[in-house]
Amino acid sequence: MERRRVVITGLGAVTPLGLTAPESWRAVREGVCGIGPITQFDPAGMKVSLAAEVRGFDPEDYMPKPEAKRMGRFTQFAVASAKEALADAGFSPEAADPDRCGVIVSSGIGGLGITEEEHDRGLARGWDRVSPFFIPSGICNMAAGQVAIAAGFRGMCTCPVAACTGGTNAVGDAFHYIRDGYAEAMLCGGTESAVTPLAVGGFTSMRALTQTEDPSRASIPFDKERSGFVLGEGAAVLLLEELEHARRRGAKIYAEMVGYGATCDAYHMTAPRPDGSGGAKAMALALADGGVRPEEVGYINAHGTSTHLNDAIETAAVKAVFGDHARQLAVSSTKSMTGHMLGAAGAVEAMFTALVLRDAFLPATIHYRTPDEECDLDVVPNQGRAAAVKYALSNSLGFGGHNGSVLLKRWEG
């Protein structure tokens, strides 16, 4: 089967760092921290008081009020991001074949806040009095469905639910779908909005979240003093196109997507396999898929959650794949700025990786202070830096043992 070339032509995002893709990337370049006190509910009496929230988002800036009222916050983020990606790409759905355009948008938790609200309503008023929009606004796939409705895309529309790897799966699956001839264009990415009492409580009880009250010492990937991740929210949607389809309409190109690997640890509900072999295999598969040698890769946007197990095991996985070249790689975590956006994380980080290649700039792992001998790679500490990179990976490792890695190439015409 002919392997067609796939490029990224549009980006859209709503993140704790900005309400657009350019705003978010500018903040990353400046090393801005998007973490602060929780404002979406009162966390008094809870052990965790910090999150990376999207601030200043008004859904009515992107859609009519009646539509916004029928969407969960996670879906609003996705629709806003998709509209931005299409506009950024100058892509007119009316000028495309809608049956050859599709959507893959992940969410790990979906409308958990809606479930909490409607549960309270049912307890207070009776279960038959919950909102008729409870189910259709809260289910995880509705972000993908609403994006397809907004864009008029009638090809495959689906929602990978793979915890923290879902956004990467969405981007990788869309890449393969176009490459193998099933579509000409795909809107793909991830979205999440789970800064709720139940989610924070659940992650706290399993000791996944940091309990520090200092935003500058909260999300500190690869730092020896790391103590858990910070819950984030937001979305990113990328428009992928078959290369000739993009060229015919004169599209600008951010980067080329060339490889994707996905594996499962098949080991534990939440802990990664101790030897890092699952994550290593995902990276190796992405390299093989793209026909790229390990020594050609210059940057990895790490999963880098700021948990002890993840960061140490991801470091081991990088060493296993890259050998001596691991010492030459830059391996930073933008979660130091965005927190962990769960099902949106891989999509946001794939977007940042494309911009790394376009702008020849490596993002920092901010607030890094105490080196850890288990995480002894170049984590681009505290200050981003200029560097021309030809190939870059973006990694995701999720609960359930899900691993995903996408490989991007600098666009060279």
# chains A, B, ... in the order shown; residues from 1 in each chain; ligands from 1

$ select_by_dssp --residues "region 188-268 of chain A" --states "strand (DSSP E or B)" --output "ChimeraX atom specification"
/A:188-192,209,229,231-232,234-242,255-264

$ residues_around --residues "Glu349 (chain A)" --least-positions-apart "3" --cutoff "7 Å" --atoms "only C-alpha atoms" --output "list in words"
Asn301, Ala345, Gly346, Phe352, Thr353 and Ser394 of chain A

$ closest_residue --among "A:Ala96, A:Ala387, A:Ala280, A:Met337" --to "Phe229 (chain A)" --atoms "only C-alpha atoms"
A:Met337

$ closest_atom_pairs --of "region 143-240 of chain A" --to "region 113-133 of chain A" --cutoff "9 Å" --atoms "only C-alpha atoms" --output "CSV"
residue,atom,partner,partner_atom,distance
A:Ser193,CA,A:Gly113,CA,8.0
A:Ala194,CA,A:Gly113,CA,6.6
A:Val195,CA,A:Gly113,CA,8.0
A:Thr196,CA,A:Gly113,CA,6.0
A:Pro197,CA,A:Gly113,CA,8.5
A:Leu198,CA,A:Glu116,CA,7.6
A:Ala199,CA,A:Gly113,CA,8.6

$ write_last_selection --atoms "N, CA, C and O atoms" --output "mmCIF file, in the first residue's frame"
data_model
loop_
_atom_site.group_PDB
_atom_site.id
_atom_site.type_symbol
_atom_site.label_atom_id
_atom_site.label_comp_id
_atom_site.auth_asym_id
_atom_site.auth_seq_id
_atom_site.Cartn_x
_atom_site.Cartn_y
_atom_site.Cartn_z
ATOM 1 N N SER A 193 -11.791 18.687 30.849
ATOM 2 C CA SER A 193 -12.142 19.679 31.862
ATOM 3 C C SER A 193 -12.635 18.928 33.085
ATOM 4 O O SER A 193 -13.818 18.641 33.215
ATOM 5 N N ALA A 194 -11.699 18.573 33.949
ATOM 6 C CA ALA A 194 -12.037 17.737 35.100
ATOM 7 C C ALA A 194 -11.526 18.326 36.403
ATOM 8 O O ALA A 194 -11.202 17.587 37.330
ATOM 9 N N VAL A 195 -11.451 19.650 36.472
ATOM 10 C CA VAL A 195 -11.086 20.279 37.745
ATOM 11 C C VAL A 195 -12.371 20.369 38.571
ATOM 12 O O VAL A 195 -13.056 21.390 38.601
ATOM 13 N N THR A 196 -12.718 19.254 39.185
ATOM 14 C CA THR A 196 -13.949 19.136 39.958
ATOM 15 C C THR A 196 -13.622 18.525 41.317
ATOM 16 O O THR A 196 -12.574 17.872 41.470
ATOM 17 N N PRO A 197 -14.500 18.667 42.288
ATOM 18 C CA PRO A 197 -14.219 18.079 43.602
ATOM 19 C C PRO A 197 -13.993 16.572 43.543
ATOM 20 O O PRO A 197 -13.097 16.041 44.199
ATOM 21 N N LEU A 198 -14.810 15.873 42.757
ATOM 22 C CA LEU A 198 -14.691 14.424 42.707
ATOM 23 C C LEU A 198 -13.381 13.990 42.055
ATOM 24 O O LEU A 198 -12.710 13.069 42.527
ATOM 25 N N ALA A 199 -13.013 14.641 40.951
ATOM 26 C CA ALA A 199 -11.761 14.284 40.276
ATOM 27 C C ALA A 199 -10.563 14.588 41.150
ATOM 28 O O ALA A 199 -9.661 13.751 41.303
#

$ residues_around --residues "region 156-171 of chain A" --least-positions-apart "5" --cutoff "8 Å" --atoms "only C-alpha atoms" --output "PyMOL selection string"
chain A and resi 101-109+140-141+144-145+148+188-191+238+262+341-348+350+395-400+402-406

$ write_last_selection --atoms "N, CA, C and O atoms" --output "short mmCIF file (atom, residue, chain, number, x, y, z; two decimals), in the first residue's frame"
data_model
loop_
_atom_site.label_atom_id
_atom_site.label_comp_id
_atom_site.auth_asym_id
_atom_site.auth_seq_id
_atom_site.Cartn_x
_atom_site.Cartn_y
_atom_site.Cartn_z
N CYS A 101 -13.24 13.72 4.99
CA CYS A 101 -12.72 14.51 6.11
C CYS A 101 -13.32 13.95 7.40
O CYS A 101 -14.54 13.72 7.47
N GLY A 102 -12.50 13.74 8.42
CA GLY A 102 -12.99 13.12 9.63
C GLY A 102 -12.49 13.78 10.89
O GLY A 102 -11.77 14.78 10.85
N VAL A 103 -12.87 13.21 12.01
CA VAL A 103 -12.57 13.78 13.34
C VAL A 103 -12.16 12.65 14.28
O VAL A 103 -12.85 11.62 14.36
N ILE A 104 -11.06 12.85 14.99
CA ILE A 104 -10.69 11.97 16.10
C ILE A 104 -10.28 12.88 17.26
O ILE A 104 -9.23 13.52 17.20
N VAL A 105 -11.11 12.97 18.27
CA VAL A 105 -10.84 13.83 19.43
C VAL A 105 -11.04 13.01 20.69
O VAL A 105 -12.12 12.46 20.93
N SER A 106 -10.01 12.94 21.51
CA SER A 106 -10.04 12.16 22.74
C SER A 106 -10.51 12.98 23.93
O SER A 106 -10.36 14.20 23.97
N SER A 107 -11.06 12.28 24.89
CA SER A 107 -11.26 12.81 26.23
C SER A 107 -11.16 11.64 27.19
O SER A 107 -11.74 10.58 26.95
N GLY A 108 -10.41 11.82 28.26
CA GLY A 108 -10.24 10.73 29.20
C GLY A 108 -11.38 10.58 30.17
O GLY A 108 -11.74 9.47 30.58
N ILE A 109 -11.99 11.70 30.56
CA ILE A 109 -13.02 11.69 31.60
C ILE A 109 -14.33 12.29 31.11
O ILE A 109 -15.40 11.98 31.62
N CYS A 140 -18.04 11.04 26.71
CA CYS A 140 -16.71 11.42 26.24
C CYS A 140 -16.66 11.73 24.75
O CYS A 140 -15.92 12.61 24.32
N ASN A 141 -17.44 10.99 23.94
CA ASN A 141 -17.34 11.15 22.50
C ASN A 141 -18.02 12.40 21.97
O ASN A 141 -17.90 12.72 20.78
N ALA A 144 -15.93 15.02 20.05
CA ALA A 144 -15.67 14.66 18.65
C ALA A 144 -16.92 14.87 17.80
O ALA A 144 -16.85 15.41 16.69
N GLY A 145 -18.08 14.46 18.32
CA GLY A 145 -19.31 14.62 17.57
C GLY A 145 -19.64 16.06 17.28
O GLY A 145 -20.03 16.42 16.16
N ALA A 148 -17.36 17.51 14.63
CA ALA A 148 -17.78 17.09 13.30
C ALA A 148 -18.99 17.89 12.82
O ALA A 148 -19.06 18.29 11.65
N CYS A 188 -8.00 16.46 14.67
CA CYS A 188 -7.65 15.47 15.69
C CYS A 188 -7.05 16.17 16.91
O CYS A 188 -6.46 17.25 16.79
N GLY A 189 -7.21 15.54 18.05
CA GLY A 189 -6.64 16.14 19.27
C GLY A 189 -7.27 15.57 20.52
O GLY A 189 -7.72 14.42 20.55
N GLY A 190 -7.34 16.39 21.55
CA GLY A 190 -7.89 15.95 22.82
C GLY A 190 -8.41 17.11 23.62
O GLY A 190 -8.01 18.26 23.39
N THR A 191 -9.31 16.81 24.54
CA THR A 191 -9.90 17.85 25.37
C THR A 191 -10.24 17.30 26.74
O THR A 191 -10.54 16.11 26.88
N LEU A 238 -5.55 19.67 16.03
CA LEU A 238 -4.67 19.85 14.88
C LEU A 238 -5.43 19.46 13.62
O LEU A 238 -6.20 18.49 13.63
N ALA A 262 2.20 2.79 19.27
CA ALA A 262 1.32 2.63 20.42
C ALA A 262 1.47 1.22 20.98
O ALA A 262 1.48 0.25 20.21
N MET A 341 -2.98 17.65 31.60
CA MET A 341 -4.30 17.87 31.00
C MET A 341 -4.98 16.57 30.59
O MET A 341 -5.92 16.58 29.78
N LEU A 342 -4.50 15.44 31.13
CA LEU A 342 -5.14 14.14 30.94
C LEU A 342 -5.33 13.82 29.45
O LEU A 342 -4.36 13.76 28.71
N GLY A 343 -6.56 13.62 29.01
CA GLY A 343 -6.80 13.25 27.63
C GLY A 343 -6.43 14.31 26.62
O GLY A 343 -6.30 14.02 25.43
N ALA A 344 -6.24 15.54 27.05
CA ALA A 344 -5.81 16.61 26.15
C ALA A 344 -4.30 16.73 26.07
O ALA A 344 -3.76 17.37 25.16
N ALA A 345 -3.58 16.13 27.03
CA ALA A 345 -2.14 16.38 27.15
C ALA A 345 -1.38 16.03 25.88
O ALA A 345 -0.57 16.83 25.39
N GLY A 346 -1.61 14.84 25.33
CA GLY A 346 -0.85 14.43 24.16
C GLY A 346 -1.09 15.32 22.96
O GLY A 346 -0.17 15.56 22.16
N ALA A 347 -2.30 15.83 22.81
CA ALA A 347 -2.61 16.72 21.68
C ALA A 347 -1.92 18.07 21.85
O ALA A 347 -1.33 18.61 20.91
N VAL A 348 -2.00 18.63 23.06
CA VAL A 348 -1.34 19.91 23.32
C VAL A 348 0.16 19.77 23.11
O VAL A 348 0.81 20.64 22.51
N ALA A 350 1.76 17.50 21.24
CA ALA A 350 2.05 17.32 19.82
C ALA A 350 2.06 18.68 19.12
O ALA A 350 2.91 18.94 18.25
N ASN A 395 5.75 12.10 23.61
CA ASN A 395 5.39 10.87 24.32
C ASN A 395 4.19 11.05 25.23
O ASN A 395 4.02 12.11 25.84
N SER A 396 3.41 9.99 25.37
CA SER A 396 2.35 9.94 26.38
C SER A 396 2.31 8.54 26.99
O SER A 396 2.43 7.53 26.27
N LEU A 397 2.13 8.48 28.31
CA LEU A 397 2.07 7.21 29.04
C LEU A 397 0.87 7.30 29.99
O LEU A 397 0.82 8.19 30.84
N GLY A 398 -0.10 6.41 29.85
CA GLY A 398 -1.35 6.58 30.59
C GLY A 398 -1.71 5.45 31.52
O GLY A 398 -1.23 4.32 31.37
N PHE A 399 -2.60 5.75 32.49
CA PHE A 399 -3.16 4.71 33.35
C PHE A 399 -3.74 3.60 32.48
O PHE A 399 -4.32 3.84 31.42
N GLY A 400 -3.60 2.37 32.96
CA GLY A 400 -4.00 1.23 32.16
C GLY A 400 -2.86 0.67 31.35
O GLY A 400 -3.01 -0.34 30.66
N HIS A 402 -1.28 2.34 28.85
CA HIS A 402 -1.27 2.85 27.48
C HIS A 402 -0.02 3.68 27.23
O HIS A 402 0.32 4.57 28.02
N ASN A 403 0.64 3.45 26.11
CA ASN A 403 1.80 4.23 25.70
C ASN A 403 1.63 4.68 24.27
O ASN A 403 1.18 3.90 23.41
N GLY A 404 1.98 5.92 23.99
CA GLY A 404 1.90 6.42 22.62
C GLY A 404 3.03 7.39 22.34
O GLY A 404 3.47 8.12 23.24
N SER A 405 3.49 7.39 21.11
CA SER A 405 4.55 8.31 20.71
C SER A 405 4.33 8.70 19.26
O SER A 405 4.09 7.83 18.41
N VAL A 406 4.40 10.00 18.98
CA VAL A 406 4.29 10.48 17.60
C VAL A 406 5.61 11.14 17.21
O VAL A 406 6.26 11.80 18.03
#

$ closest_atom_pairs --of "region 337-410 of chain A" --to "region 52-76 of chain A" --cutoff "8 Å" --atoms "only C-alpha atoms" --output "tab-separated table"
residue	atom	partner	partner_atom	distance
A:Thr338	CA	A:Ala52	CA	6.1
A:Gly339	CA	A:Ala52	CA	5.5
A:His340	CA	A:Ala52	CA	7.9
